Amino acid sequence: MFDPIALHDRGVSAVLAPAGGRGEAHATAFLTMERAVEREGSEEGRRTSPESPPSEDRRLVGGALAAFVGCVLLTWTVGGYLQLRLGLGGWLLTELLCFALPAGWVLRRARVSASAAGFGRAPLPGMGWSVLLGLVVMAVAVGKGAMIRQALGVPPPPALRVTWEWVGLAVLAPLCEELLFRSVLQRAFSRIWRPPTALVATAVLFGLVPGSFVRFPEVFLLGFFSGVVFLKTRSYWASVAFHAAAALAAPAFWVQVTRWPALHHPLTTWTFLGVALVLAWYLDPPGAHRVWGVWRSARWALFGSAEPGAAPTRAGLGPVVAYGGVVMLLLGVMVTMMLIGAAGARLAQAPMRVRQADLWQLRTNGVIAAQSRIDFERWPARRESLGFALPYTGARVLRAEIAGQPARVMPVGAGTFKLVWPATPPAAPRAVHVWWELSLSELDDPTQGYRARLQALVPVTAYSLRLGLDPDCGYEFERAPELRQAEVFSIRDTGRAARNDFASCGLGLRRVAAGGEGGRR
């Protein structure tokens, strides 16, 4: 719609055509055609002058900003609930309800024609360049995101498993999001601002949608280049192709960037950015365009267009104030969310009381049947599994329960296991039981009454161990032969940090000699 070099820079005739007079005539002709397209479908536009009055521009921008605010509010509330409850189906509904619905409302209210919204037929070369540009820009965005996460100590996003359902989402999301941000927002801002300003303003709003300061740079970069595609091709479909290519390539790029640190090196990122500028240059055939100089070449690659558009009208400070208010509102909400998240993280990291009580029963076959009960003050943060380690690598897990419900245990390594955590743990009792066994021969110092390693399954703040003896197990307590069960170790909760290792202690066992007389083994 707009050509900043052709309409706002001096010496524009050298850009549009080899001959200055002829280029000026072409610019006037294209200007008339573009204005006619903008007025198509609007009865008010047919009755008024060719240049839209500022009041209509203000209403158009106001409607676009209202649609965006509605999109954000719906995404952060209803969309979050749908995604949590329905998974992939919730994502699909979020895209349709939060992006496509507000965009359709604005387009219908403003009576925007299909041509003006960019729904015309997209040329195949432009679609191909858009796909390539999407792949390169995603590489830049992932590299930039990896650098930021590394500097802040934030882990990379979890690896996504590419499925047909995910591919469907990666195609539907560009259709809905580009409809709002290109056909509505960028087009509305271009009525009152120059194309570079409108493009950057739209990219800022696009970057604020996820509600994350960590993700803002990479999302802003994708929104910026998607706006470049829309500005240079005048095609909504080209922007969709760019967005879809980037979304489909994102999982593979994130996996590779975690494996190869050189991929998020600053030099690598600048190299990919240079390639993106070259691809953006050829989004539309250069034809007779001639631009010289590094700065002018970069501007042409980002903001140039084969078709000049109408100059923006001055609509006063109203849209500027509204846009600034929306950005400040979203920043305030993001800061509030960040503070709430930080408070939650501090609460989650606060010392949590976890107690473990072990009961070891020595059987007649020289096997210790152990039962470990772990009581949590509150359930651990939501997770898919809970790892734990037995004090002896030769020990064997028999079964486990979480709040009285059977749980699956998977071995991870020698003496280490993973307890599959339920999606929604019961409110009470907050207890985990693990039944396991080990051979008495694995204990240390058999000639000195045996010593047991005092190692909890998970970090705990209190730990106790009781030992029971079967009547015919062949052993007894040296200091109290009449007892069949005794507490051999106990440490109470003193408010200190949780830990696994509590050293070791002697069990004080002695073998029962023939004839009933005790004696050391």
# chains A, B, ... in the order shown; residues from 1 in each chain; ligands from 1
$ residues_around --residues "A:Phe489" --least-positions-apart "6" --cutoff "10 Å" --atoms "only C-alpha atoms" --output "JSON, numbers by chain"
{"A": [358, 454, 463, 464, 465, 466, 467, 502, 504, 505, 506, 507]}
$ residues_around --residues "A:Pro380" --least-positions-apart "5" --cutoff "10 Å" --atoms "only C-alpha atoms" --output "list in words"
Ala348, Met352, Leu386, Trp421, Pro425 and Arg430 of chain A
$ write_last_selection --atoms "C-alpha atoms" --output "PDB file, in the first residue's frame"
ATOM      1  CA  ALA A 348       7.627 -22.933  45.707  1.00  0.00           C
ATOM      2  CA  MET A 352       8.981 -27.441  52.562  1.00  0.00           C
ATOM      3  CA  LEU A 386       9.246 -37.885  40.856  1.00  0.00           C
ATOM      4  CA  TRP A 421       3.094 -38.675  39.126  1.00  0.00           C
ATOM      5  CA  PRO A 425      -2.791 -35.633  43.067  1.00  0.00           C
ATOM      6  CA  ARG A 430      -0.101 -36.187  51.017  1.00  0.00           C
TER       7      ARG A 430
END
$ residues_around --residues "stretch 212-228 of chain A" --least-positions-apart "6" --cutoff "7 Å" --atoms "only C-alpha atoms" --output "VMD selection string"
chain A and resid 137 141 to 142 144 to 145 182 199 to 200 203 to 204 206 239 242 to 243 302 to 303 334
$ residues_around --residues "A:Gln405" --least-positions-apart "4" --cutoff "10 Å" --atoms "only C-alpha atoms" --output "PyMOL selection string"
chain A and resi 400-401+422+425-426+432-433
$ select_by_dssp --residues "stretch 182-429 of chain A" --states "strand (DSSP E or B)" --output "PyMOL selection string"
chain A and resi 354-362+367-376+385-389+396-402+405-407+409-413+416-420
$ select_by_dssp --residues "stretch 91-324 of chain A" --states "helix (DSSP H, G or I)" --output "number ranges by chain"
A: 91-110, 124-152, 164-189, 195-208, 216-233, 236-259, 261-264, 266-281, 294-303, 318-324
